[in-house]
Amino acid sequence: METQNFLFQKIREKIPAHISLVDEISELLNISYDSTYRRIRGEKAISIKELFVLSKHFNISCDSLFNIRSDNVIFKHYPIIPPEFGVKPWLKTVLQDIRKIQHTKSNSMIYAAKDPPLFHYFQFPEIGAFKMFFWEKTLFRFPQYQDQKFTLNYLDDEIRQIGEQILTTSVKIPTIEIWNEDTFNITFRQIEHYWISGLFERKEDILILCDKLYIWIEHIKKQAELGFKYHYGTEPNGVEDSYKFYENEVVLNDNTIFVETDNFTATYLTYNVLSLLFTTDPEFCLGVKNYLNGILKESILISSVNSRERNRFFNKLLSKIEEFKETL
């Protein structure tokens, strides 16, 4: 029964506070409330089938339940598989997960950014529109985009709304971001590639996009200076020291995301650019946390303090945008 008690303890940690544990278990196992209570209290043992259903649904490793040490780690994956599963449902999954994190009593995130973190894109619909189009046309080759060129009218209302919800939720989560110069360069090169390849419908769109990129980088710089995140175009307001920005010149980042809350730790790893692997395996997450903390020690904090290094880093990015716009 110790193992069974531990199982329900882990399930409690994964369920948001506003959801009833009894309701959730009763519905999953298709049993009465009375039978559910007896299992939670340890008066009745769960069956192998019930253990399978619960551990699979809540992504709980049976190795961890029985304290079995192995080299296996269970991951949940969120793939983008054209044409069945596209960027829009993927964004809905991201929103669902980030809301679970934000609803915990205490939470924090470390983001080793190979690309600018997804949340930033939705500060400006034009940038979000370009990234969504680039992913679906160029990376995943959705057939409906084969003969299309990019315009700023691409982003549909539903994606815009999901993106705004992701942004609104993410600004409330204390975050450490680790960037290097190449973090921005990836997006910049994608825009440059589309220009050279003639994939912009109108020249004025790329000029507008460059202007938005410039304001976008200035806004990220401003957030780093203030030490908290907030919506562009609103009065700066947030929790002091809840946004820490590091420049890392030692290691190429790989879009690893480590999350720590009062209930659980979790790690997100990316593959195929956007597809995600997710685990709450304690030992794996501890290893990722220790690795990222080691990277932070070799990085330069340029948020809140160190204005000279902050200006140097962001001014270099702004200069690239200005130079590119002049060549147009």
# chains A, B, ... in the order shown; residues from 1 in each chain; ligands from 1
>>> select_by_dssp(residues="region 98-283 of chain A", states="strand (DSSP E or B)", output="ChimeraX atom specification")
/A:107-112,150,175-179,200,243-247,256-261,265-271,275-279
>>> closest_atom_pairs(of="region 69-113 of chain A", to="region 5-14 of chain A", cutoff="10 Å", atoms="only C-alpha atoms", output="JSON lines")
{"residue": "A:Lys100", "atom": "CA", "partner": "A:Lys14", "partner_atom": "CA", "distance": 8.6}
{"residue": "A:Ile101", "atom": "CA", "partner": "A:Lys14", "partner_atom": "CA", "distance": 9.9}
{"residue": "A:Thr104", "atom": "CA", "partner": "A:Glu13", "partner_atom": "CA", "distance": 9.5}
>>> atom_distance(atom1="CA of Leu51 (chain A)", atom2="CA of Pro282 (chain A)")
19.5 Å
>>> atom_distance(atom1="CA of Arg202 (chain A)", atom2="CA of Gln146 (chain A)")
17.6 Å
>>> closest_atom_pairs(of="region 253-322 of chain A", to="region 116-128 of chain A", cutoff="12 Å", atoms="only C-alpha atoms", output="Markdown table")
| residue | atom | partner | partner_atom | distance |
| --- | --- | --- | --- | --- |
| A:Asn253 | CA | A:Pro116 | CA | 10.8 |
| A:Asp254 | CA | A:Pro116 | CA | 11.1 |
| A:Asn255 | CA | A:Pro117 | CA | 8.1 |
| A:Thr256 | CA | A:Pro117 | CA | 10.4 |
| A:Ile257 | CA | A:Pro117 | CA | 9.7 |
| A:Thr270 | CA | A:Pro117 | CA | 11.9 |
| A:Val273 | CA | A:Leu118 | CA | 11.7 |
| A:Leu274 | CA | A:Leu118 | CA | 9.8 |
>>> atom_distance(atom1="CA of Lys222 (chain A)", atom2="CA of Val251 (chain A)")
25.0 Å
>>> residues_around(residues="Leu152 (chain A)", least_positions_apart="4", cutoff="8 Å", atoms="only C-alpha atoms", output="list in words")
Glu126, Ala129, Phe130 and Asp205 of chain A
>>> write_last_selection(atoms="C-alpha atoms", output="compact mmCIF listing (two decimals), in the first residue's frame")
# COMPACT_ATOMS: atom_id res chain seq x y z
CA GLU A 126 3.56 40.21 -37.72
CA ALA A 129 2.64 35.32 -38.61
CA PHE A 130 6.04 34.94 -40.27
CA ASP A 205 5.80 43.48 -45.99
>>> closest_residue(among="A:Leu292, A:Leu286, A:Leu301, A:Ile178", to="Glu225 (chain A)", atoms="only C-alpha atoms")
A:Leu301
>>> select_by_dssp(residues="region 97-140 of chain A", states="helix (DSSP H, G or I)", output="MDAnalysis selection string")
chainID A and resid 97:102 118:121 125:139
>>> residues_around(residues="Tyr78 (chain A)", least_positions_apart="5", cutoff="10 Å", atoms="only C-alpha atoms", output="MDAnalysis selection string")
chainID A and resid 85 89:90 93:94 270:271 274:278
>>> write_last_selection(atoms="all heavy atoms", output="short mmCIF file (atom, residue, chain, number, x, y, z; two decimals), in the first residue's frame")
data_model
loop_
_atom_site.label_atom_id
_atom_site.label_comp_id
_atom_site.auth_asym_id
_atom_site.auth_seq_id
_atom_site.Cartn_x
_atom_site.Cartn_y
_atom_site.Cartn_z
N PHE A 85 -1.33 16.68 -38.00
CA PHE A 85 -1.17 17.47 -36.78
C PHE A 85 -0.29 18.66 -37.09
O PHE A 85 0.91 18.52 -37.33
CB PHE A 85 -0.55 16.61 -35.67
CG PHE A 85 -0.66 17.21 -34.30
CD1 PHE A 85 -1.82 17.11 -33.57
CD2 PHE A 85 0.42 17.89 -33.74
CE1 PHE A 85 -1.92 17.66 -32.30
CE2 PHE A 85 0.33 18.44 -32.47
CZ PHE A 85 -0.86 18.32 -31.75
N PRO A 89 -2.90 22.97 -33.54
CA PRO A 89 -3.12 22.08 -32.39
C PRO A 89 -1.89 21.97 -31.49
O PRO A 89 -2.02 21.78 -30.28
CB PRO A 89 -3.47 20.73 -33.04
CG PRO A 89 -3.04 20.82 -34.45
CD PRO A 89 -3.11 22.26 -34.83
N TRP A 90 -0.70 22.09 -32.09
CA TRP A 90 0.53 22.08 -31.28
C TRP A 90 0.54 23.27 -30.33
O TRP A 90 0.88 23.14 -29.15
CB TRP A 90 1.74 22.11 -32.22
CG TRP A 90 3.07 22.13 -31.54
CD1 TRP A 90 3.78 21.06 -31.06
CD2 TRP A 90 3.87 23.29 -31.26
NE1 TRP A 90 4.97 21.48 -30.52
CE2 TRP A 90 5.06 22.84 -30.62
CE3 TRP A 90 3.72 24.64 -31.50
CZ2 TRP A 90 6.07 23.71 -30.22
CZ3 TRP A 90 4.73 25.51 -31.10
CH2 TRP A 90 5.87 25.04 -30.47
N THR A 93 -1.69 22.68 -27.38
CA THR A 93 -1.04 21.81 -26.40
C THR A 93 -0.07 22.61 -25.54
O THR A 93 -0.02 22.44 -24.31
CB THR A 93 -0.30 20.66 -27.10
OG1 THR A 93 -1.22 19.92 -27.89
CG2 THR A 93 0.35 19.74 -26.09
N VAL A 94 0.72 23.49 -26.18
CA VAL A 94 1.65 24.35 -25.44
C VAL A 94 0.88 25.22 -24.45
O VAL A 94 1.28 25.37 -23.28
CB VAL A 94 2.47 25.22 -26.41
CG1 VAL A 94 3.27 26.27 -25.64
CG2 VAL A 94 3.40 24.36 -27.25
N THR A 270 13.42 19.62 -27.39
CA THR A 270 12.89 19.76 -28.75
C THR A 270 13.61 18.82 -29.71
O THR A 270 14.77 18.50 -29.54
CB THR A 270 13.05 21.21 -29.26
OG1 THR A 270 14.44 21.55 -29.25
CG2 THR A 270 12.30 22.19 -28.40
N TYR A 271 12.87 18.37 -30.72
CA TYR A 271 13.47 17.63 -31.83
C TYR A 271 12.70 18.02 -33.08
O TYR A 271 11.55 18.46 -33.02
CB TYR A 271 13.43 16.12 -31.59
CG TYR A 271 12.05 15.49 -31.60
CD1 TYR A 271 11.56 14.85 -32.73
CD2 TYR A 271 11.24 15.54 -30.47
CE1 TYR A 271 10.30 14.27 -32.75
CE2 TYR A 271 9.98 14.97 -30.47
CZ TYR A 271 9.52 14.33 -31.61
OH TYR A 271 8.27 13.75 -31.63
N LEU A 274 10.47 21.85 -33.73
CA LEU A 274 9.34 22.22 -32.89
C LEU A 274 8.78 21.10 -32.04
O LEU A 274 8.23 21.35 -30.97
CB LEU A 274 8.19 22.75 -33.77
CG LEU A 274 8.29 24.18 -34.28
CD1 LEU A 274 7.03 24.53 -35.06
CD2 LEU A 274 8.48 25.17 -33.16
N SER A 275 8.86 19.87 -32.50
CA SER A 275 8.27 18.76 -31.76
C SER A 275 8.93 18.65 -30.38
O SER A 275 10.12 18.92 -30.22
CB SER A 275 8.45 17.45 -32.53
OG SER A 275 7.77 17.51 -33.77
N LEU A 276 8.12 18.26 -29.39
CA LEU A 276 8.58 18.30 -28.01
C LEU A 276 8.58 16.92 -27.37
O LEU A 276 7.69 16.10 -27.62
CB LEU A 276 7.66 19.20 -27.17
CG LEU A 276 7.68 20.70 -27.48
CD1 LEU A 276 6.56 21.40 -26.74
CD2 LEU A 276 9.03 21.31 -27.10
N LEU A 277 9.58 16.67 -26.54
CA LEU A 277 9.60 15.54 -25.63
C LEU A 277 9.47 16.10 -24.21
O LEU A 277 10.14 17.07 -23.86
CB LEU A 277 10.91 14.75 -25.75
CG LEU A 277 11.15 14.02 -27.07
CD1 LEU A 277 12.57 13.46 -27.11
CD2 LEU A 277 10.14 12.89 -27.25
N PHE A 278 8.60 15.48 -23.41
CA PHE A 278 8.30 16.00 -22.07
C PHE A 278 8.41 14.89 -21.05
O PHE A 278 7.90 13.79 -21.25
CB PHE A 278 6.87 16.58 -22.07
CG PHE A 278 6.32 16.87 -20.71
CD1 PHE A 278 6.71 18.01 -20.03
CD2 PHE A 278 5.42 16.01 -20.10
CE1 PHE A 278 6.20 18.29 -18.77
CE2 PHE A 278 4.91 16.27 -18.84
CZ PHE A 278 5.30 17.42 -18.17
#
>>> residues_around(residues="region 36-38 of chain A", least_positions_apart="2", cutoff="12 Å", atoms="only C-alpha atoms", output="list of chain:residue names")
A:Met1, A:Gln4, A:Asn5, A:Phe8, A:Ser20, A:Leu21, A:Val22, A:Asp23, A:Glu24, A:Ile25, A:Ser26, A:Glu27, A:Leu28, A:Leu29, A:Asn30, A:Ile31, A:Ser32, A:Tyr33, A:Asp34, A:Ile40, A:Arg41, A:Gly42, A:Glu43, A:Lys44, A:Ala45, A:Ile46, A:Glu50
>>> closest_residue(among="A:Phe188, A:Tyr291, A:Phe228, A:Phe133", to="Val171 (chain A)", atoms="only C-alpha atoms")
A:Phe228
>>> residues_around(residues="Tyr246 (chain A)", least_positions_apart="4", cutoff="8 Å", atoms="only C-alpha atoms", output="list in words")
Ile176, Glu177, Ile178, Trp179, Leu296, Ser299, Ile300, Leu301, Ile302 and Ser303 of chain A
>>> closest_residue(among="A:Ile217, A:Leu317, A:Ile173, A:Ala224", to="Thr261 (chain A)", atoms="only C-alpha atoms")
A:Ile173
>>> residues_around(residues="Lys137 (chain A)", least_positions_apart="6", cutoff="9 Å", atoms="only C-alpha atoms", output="list in words")
Pro143, Gln144, Tyr145, Gln146 and Gln148 of chain A
>>> write_last_selection(atoms="N, CA, C and O atoms", output="CSV table (one decimal), in the first residue's frame")
chain,number,residue,atom,x,y,z
A,143,PRO,N,1.3,20.7,-47.8
A,143,PRO,CA,1.0,20.9,-49.2
A,143,PRO,C,0.2,22.1,-49.6
A,143,PRO,O,0.4,22.6,-50.7
A,144,GLN,N,-0.6,22.6,-48.7
A,144,GLN,CA,-1.4,23.8,-49.1
A,144,GLN,C,-0.6,25.1,-49.3
A,144,GLN,O,-1.0,26.1,-49.8
A,145,TYR,N,0.7,25.0,-48.8
A,145,TYR,CA,1.6,26.2,-48.9
A,145,TYR,C,2.5,26.1,-50.1
A,145,TYR,O,3.4,27.0,-50.3
A,146,GLN,N,2.4,25.1,-50.9
A,146,GLN,CA,3.4,24.8,-52.0
A,146,GLN,C,3.7,26.0,-52.9
A,146,GLN,O,4.8,26.4,-53.2
A,148,GLN,N,2.4,29.1,-52.3
A,148,GLN,CA,2.1,30.4,-51.6
A,148,GLN,C,3.3,31.2,-51.3
A,148,GLN,O,4.4,30.6,-50.9
